[in-house]
$ cat entry-v7.txt   # compact mmCIF, C-alpha atoms
# COMPACT_ATOMS: atom_id res chain seq x y z
CA ALA B 1 93.91 117.11 59.63
CA ALA B 2 92.80 116.09 63.12
CA PRO B 3 90.16 113.38 63.48
CA ALA B 4 86.67 114.74 63.95
CA ASP B 5 85.19 112.06 66.21
CA ARG B 6 86.86 110.86 69.41
CA GLN B 7 85.49 108.46 71.97
CA ALA B 8 86.29 108.20 75.69
CA PRO B 9 88.35 105.27 77.02
CA PRO B 10 86.31 102.24 78.10
CA PRO B 11 86.37 101.30 81.79
CA ALA B 12 89.05 99.07 83.30
CA PRO B 13 91.61 99.19 80.48
CA ALA B 14 94.21 96.45 80.38
CA PRO B 15 97.82 97.31 81.26
CA ALA B 16 99.56 99.03 78.39
CA PRO B 17 102.32 97.14 76.59
CA PRO B 18 105.76 98.68 76.07
CA PRO B 19 106.28 100.42 72.73
CA PRO B 20 108.29 98.68 70.03
CA GLN B 21 112.06 98.95 70.46
CA PRO B 22 111.74 99.92 74.14
CA ALA B 23 114.55 102.01 75.56
CA ARG B 24 116.23 101.36 78.88
CA THR B 25 115.02 103.34 81.88
CA SER B 26 116.84 106.65 81.96
CA SER B 27 119.21 107.71 84.71
CA ALA B 28 118.01 110.48 87.00
CA SER B 29 121.39 112.20 86.77
CA LYS B 30 122.60 111.65 83.17
CA LYS B 31 122.21 114.75 81.01
CA VAL B 32 119.33 114.72 78.54
CA VAL B 33 120.03 116.33 75.18
CA VAL B 34 117.08 117.26 72.95
CA ARG B 35 117.93 118.19 69.36
CA THR B 36 116.19 118.60 66.03
CA GLY B 37 114.89 115.33 64.64
CA HIS B 38 114.05 113.75 67.99
CA ASP B 39 110.68 111.96 68.08
CA VAL B 40 108.13 113.40 70.49
CA VAL B 41 104.50 113.14 71.48
CA ALA B 42 103.03 116.61 71.95
CA LEU B 43 99.74 118.37 72.59
CA PHE B 44 98.01 119.62 69.43
CA HIS B 45 95.66 122.62 69.55
CA ASP B 46 92.62 120.28 69.52
CA GLY B 47 93.52 119.01 73.00
CA TYR B 48 94.92 115.59 72.01
CA PHE B 49 98.46 114.22 71.82
CA TYR B 50 100.06 113.46 68.46
CA GLY B 51 103.40 112.21 67.23
CA GLY B 52 105.95 114.52 65.67
CA THR B 53 109.60 115.50 65.55
CA VAL B 54 111.51 118.42 67.02
CA ASP B 55 112.16 121.06 64.33
CA ASP B 56 113.61 123.63 66.76
CA ALA B 57 113.85 124.39 70.48
CA LYS B 58 114.26 127.39 72.78
CA MET B 59 114.32 128.36 76.44
CA SER B 60 111.98 131.04 77.76
CA ASP B 61 111.28 132.46 81.22
CA SER B 62 107.57 132.69 80.35
CA ALA B 63 106.99 129.01 79.51
CA GLY B 64 105.12 126.97 82.10
CA GLY B 65 105.72 123.66 83.81
CA PRO B 66 106.43 122.19 87.26
CA ALA B 67 108.87 124.16 89.37
CA GLY B 68 111.27 121.26 89.96
CA GLY B 69 111.93 120.07 86.43
CA SER B 70 115.06 121.02 84.51
CA GLY B 71 113.00 121.42 81.33
CA ARG B 72 110.78 124.13 82.76
CA GLY B 73 110.88 127.06 80.35
CA ALA B 74 111.62 124.98 77.26
CA SER B 75 109.48 125.10 74.13
CA PHE B 76 109.66 123.01 70.98
CA LEU B 77 108.71 123.60 67.38
CA VAL B 78 106.99 120.31 66.55
CA GLY B 79 106.70 119.03 63.00
CA TRP B 80 103.59 116.86 63.10
CA ASP B 81 103.74 113.36 61.62
CA ASP B 82 100.44 113.80 59.77
CA GLY B 83 101.62 116.85 57.85
CA ASP B 84 99.95 119.66 59.81
CA ASP B 85 101.93 122.89 59.94
CA PRO B 86 104.64 122.90 62.64
CA SER B 87 103.71 124.68 65.87
CA TRP B 88 105.42 125.63 69.13
CA VAL B 89 104.52 123.53 72.18
CA GLU B 90 105.71 124.17 75.73
CA ALA B 91 107.72 121.51 77.54
CA HIS B 92 104.93 120.58 79.97
CA ASN B 93 103.01 119.24 76.94
CA VAL B 94 105.91 117.48 75.16
CA ALA B 95 107.32 114.00 75.90
CA LEU B 96 110.33 112.25 74.39
CA VAL B 97 109.31 108.96 72.74
CA SER B 98 112.65 107.21 73.28
CA ARG B 99 113.12 108.14 76.95
CA VAL B 100 111.78 105.78 79.62
CA PRO B 101 111.58 107.91 82.79
CA PRO B 102 113.11 106.88 86.13
CA LEU B 103 110.62 106.07 88.87
CA CYS B 104 111.62 109.15 90.85
CA GLU B 105 110.05 111.37 88.16
CA MET B 106 106.68 109.65 88.59
CA ALA B 107 105.57 110.61 92.09
CA SER B 108 101.90 110.36 93.00
CA GLY B 109 99.99 113.18 91.33
CA THR B 110 102.43 113.56 88.42
CA ARG B 111 100.82 114.18 85.02
CA VAL B 112 102.25 111.78 82.42
CA LEU B 113 101.47 110.12 79.10
CA ALA B 114 100.55 106.42 79.04
CA LEU B 115 100.45 104.07 76.08
CA TRP B 116 97.01 102.72 75.19
CA GLN B 117 96.79 98.98 74.55
CA GLY B 118 95.20 98.04 71.24
CA SER B 119 93.85 100.14 68.41
CA VAL B 120 91.74 103.27 68.54
CA THR B 121 89.06 104.46 66.13
CA VAL B 122 89.58 107.73 64.29
CA GLU B 123 87.94 109.64 61.45
CA ASP B 124 86.24 107.52 58.75
CA ASN B 125 86.46 104.48 61.08
CA ASP B 126 90.18 104.13 60.48
CA SER B 127 92.25 102.72 63.32
CA GLU B 128 95.57 103.69 64.87
CA GLU B 129 98.09 101.84 67.05
CA GLU B 130 100.61 103.10 69.62
CA VAL B 131 98.48 106.00 70.86
CA TRP B 132 99.41 107.96 74.00
CA PHE B 133 96.91 109.58 76.38
CA ALA B 134 97.27 111.85 79.39
CA ALA B 135 97.15 110.15 82.79
CA GLU B 136 97.96 110.88 86.42
CA VAL B 137 100.14 108.72 88.65
CA VAL B 138 98.16 107.40 91.63
CA GLY B 139 100.87 105.34 93.34
CA GLU B 140 102.54 101.96 93.28
CA GLY B 141 100.94 99.16 91.31
CA ARG B 142 100.50 95.56 92.34
CA GLY B 143 103.15 94.25 89.97
CA ALA B 144 106.90 94.66 90.32
CA GLU B 145 107.89 98.19 89.25
CA GLU B 146 104.40 98.88 87.91
CA LEU B 147 102.55 102.06 88.68
CA SER B 148 98.88 102.67 89.30
CA LEU B 149 97.52 105.45 87.10
CA ARG B 150 94.25 107.17 86.26
CA TRP B 151 93.24 108.34 82.79
CA ILE B 152 92.69 112.09 82.93
CA ASP B 153 89.86 111.79 80.40
CA GLY B 154 87.43 109.32 81.96
CA GLY B 155 89.06 108.70 85.33
CA GLU B 156 89.48 104.91 85.02
CA LEU B 157 92.30 103.30 87.00
CA PHE B 158 94.88 101.03 85.34
CA GLU B 159 98.44 99.81 85.85
CA ALA B 160 101.45 100.11 83.58
CA PRO B 161 105.23 99.62 83.72
CA PRO B 162 107.62 102.58 83.24
CA GLU B 163 108.28 101.39 79.66
CA ALA B 164 104.68 102.33 78.80
CA ILE B 165 104.83 105.74 80.49
CA ARG B 166 106.45 108.99 79.46
CA THR B 167 107.01 112.06 81.62
CA PHE B 168 106.90 115.50 80.07
CA VAL B 169 110.11 117.36 79.31
CA SER B 170 109.27 119.91 82.00
CA SER B 171 109.42 117.11 84.61
CA ILE B 172 112.81 115.71 83.62
CA ALA B 173 115.00 115.48 86.72
CA ALA B 174 118.33 115.20 84.91
CA PRO B 175 120.18 118.21 83.51
CA LEU B 176 118.64 119.25 80.20
CA GLU B 177 120.38 120.66 77.13
CA LEU B 178 118.56 121.92 74.05
CA ARG B 179 120.25 121.98 70.64
CA THR B 180 118.50 124.54 68.46
CA ARG B 181 118.19 124.46 64.68
CA SER B 182 120.99 127.04 64.43
CA GLY B 183 123.33 124.80 66.46
CA LYS B 184 123.11 126.87 69.65
CA SER B 185 123.01 125.00 72.99
CA GLU B 186 120.69 126.13 75.78
CA ARG B 187 120.54 124.55 79.22
CA GLY B 188 117.63 124.12 81.59
CA GLU B 189 117.83 124.89 85.27
CA GLY B 190 116.92 122.92 88.37
CA GLY B 191 115.93 119.27 88.55
CA ALA B 192 113.37 117.18 90.39
CA SER B 193 114.17 117.04 94.11
CA GLY B 194 112.79 113.52 94.52
CA CYS B 195 115.47 112.17 92.18
CA ALA B 196 118.19 114.26 93.78
CA ARG B 197 117.55 112.44 97.06
CA GLY B 198 118.63 109.16 95.54
CA GLY B 199 115.96 108.15 93.08
CA ALA B 200 113.29 106.91 95.49
CA ARG B 201 109.79 106.66 94.13
CA GLY B 202 107.80 109.70 95.13
CA GLY B 203 104.38 109.80 96.75
CA THR B 204 103.11 106.37 97.60
CA ALA B 205 105.48 105.17 95.54
CA GLY B 206 98.01 110.24 70.16
CA ARG B 207 95.53 111.47 68.50
CA SER B 208 92.13 109.91 68.97
CA LYS B 209 90.19 108.47 71.82
CA PRO B 210 89.98 104.68 72.30
CA SER B 211 86.86 102.97 71.06
$ encode --input "entry-v7.txt" --output "C-alpha cells"
Amino acid sequence: AAPADRQAPPPAPAPAPPPPQPARTSSASKKVVVRTGHDVVALFHDGYFYGGTVDDAKMSDSAGGPAGGSGRGASFLVGWDDGDDPSWVEAHNVALVSRVPPLCEMASGTRVLALWQGSVTVEDNDSEEEVWFAAEVVGEGRGAEELSLRWIDGGELFEAPPEAIRTFVSSIAAPLELRTRSGKSERGEGGASGCARGGARGGTAGRSKPS
C-alpha cells in the first residue's frame, strides 16, 4: 500500500549520488529495447514514483508524451515492487532504471526523474533509500557534465550528474523497440531532434517525499 504521509523536499538539497551499479551513458543513436522484466520507475495513481518491473508493453496512438521522442505512444504494464496490483502507465511517466540518458535528451525545460540523496521518511516512520522524484532541467551546472535542475514539488534548485538523472521513455531519442509478453515486437517512431543534430546539449545546455 502507498505511504499515507509525505513531506516536501527541504531547501537546497545536496547533489544526488549515482545509483548503485551505475550504467554507462547511453548512445543517442543505439536502439533501446524494452522487454518484460526490465526495472523501471513509474508514476503510481497517488501521484508519486515507485519502482517496478515491466510485465507487458504496447504501442498506442492515443498515449501521450513529447512529440520528438521515439517512445511516444508506448505504455507499460508495471508490476509494482511493493506488491500492488500491476497497472498500465504511459511512457511519459515511465523511466528505465538502468539507462543513463545522453545529454542531448536533457534540454532546458525537460521533465526528468532525479535521484534523492539520503533516506526519506514514509508511513510508520520507516525510511527508504534510492528514491526518485520529478524534476525539470534548468540548464548547465557548475560542475563538469552536471546539470542544474529544479524539483517540481517544492521548486528548489540543485545540481546532479547524468548518472543520477533518468529521462522518461517518451523522451528517448534513440530508436525504440518494445518486446511484449507474447513475444511480439513493436517499434516507436521519431526521435529527439536535438540528438539527431549530433548530441549537443539542448537549451542552455520513489515513493515518499524527503523528510
$ axis_aligned_box --input "entry-v7.txt" --around "segment 80-91 of chain B" --padding-each-side "4 Å" --output "JSON"
{"center_x": 103.8, "center_y": 119.5, "center_z": 67.7, "size_x": 15.8, "size_y": 20.3, "size_z": 27.7}
$ closest_residue --input "entry-v7.txt" --among "B:Tyr50, B:Ser60, B:Trp132, B:Val138" --to "Gly79 of chain B" --atoms "only C-alpha atoms"
B:Tyr50
$ residues_around --input "entry-v7.txt" --residues "Asp84 of chain B" --least-positions-apart "4" --cutoff "12 Å" --atoms "all atoms listed in the file" --output "list in words"
Ala1, Ala2, Phe44, His45, Tyr50, Gly51, Gly52, Thr53, Val78, Gly79 and Trp80 of chain B
$ atom_distance --input "entry-v7.txt" --atom1 "atom CA of Thr180 of chain B" --atom2 "atom CA of Lys31 of chain B"
16.3 Å
$ closest_residue --input "entry-v7.txt" --among "B:Lys58, B:Arg179, B:Lys184, B:Arg142" --to "Val89 of chain B" --atoms "all atoms listed in the file"
B:Lys58
$ atom_distance --input "entry-v7.txt" --atom1 "atom CA of Ala173 of chain B" --atom2 "atom CA of Val112 of chain B"
14.0 Å
$ atom_distance --input "entry-v7.txt" --atom1 "atom CA of Leu147 of chain B" --atom2 "atom CA of Glu159 of chain B"
5.5 Å
$ closest_residue --input "entry-v7.txt" --among "B:Gly183, B:Gly37, B:Gly154, B:Gly73" --to "Met59 of chain B" --atoms "only C-alpha atoms"
B:Gly73
$ closest_residue --input "entry-v7.txt" --among "B:Phe158, B:Trp116, B:Phe76, B:Trp151" --to "Ala95 of chain B" --atoms "all atoms listed in the file"
B:Phe76
$ closest_residue --input "entry-v7.txt" --among "B:Arg150, B:Arg111, B:Arg187, B:Arg166" --to "Val41 of chain B" --atoms "only C-alpha atoms"
B:Arg166
$ closest_residue --input "entry-v7.txt" --among "B:Tyr48, B:Glu186, B:Glu129, B:Ser170" --to "Ile152 of chain B" --atoms "all atoms listed in the file"
B:Tyr48
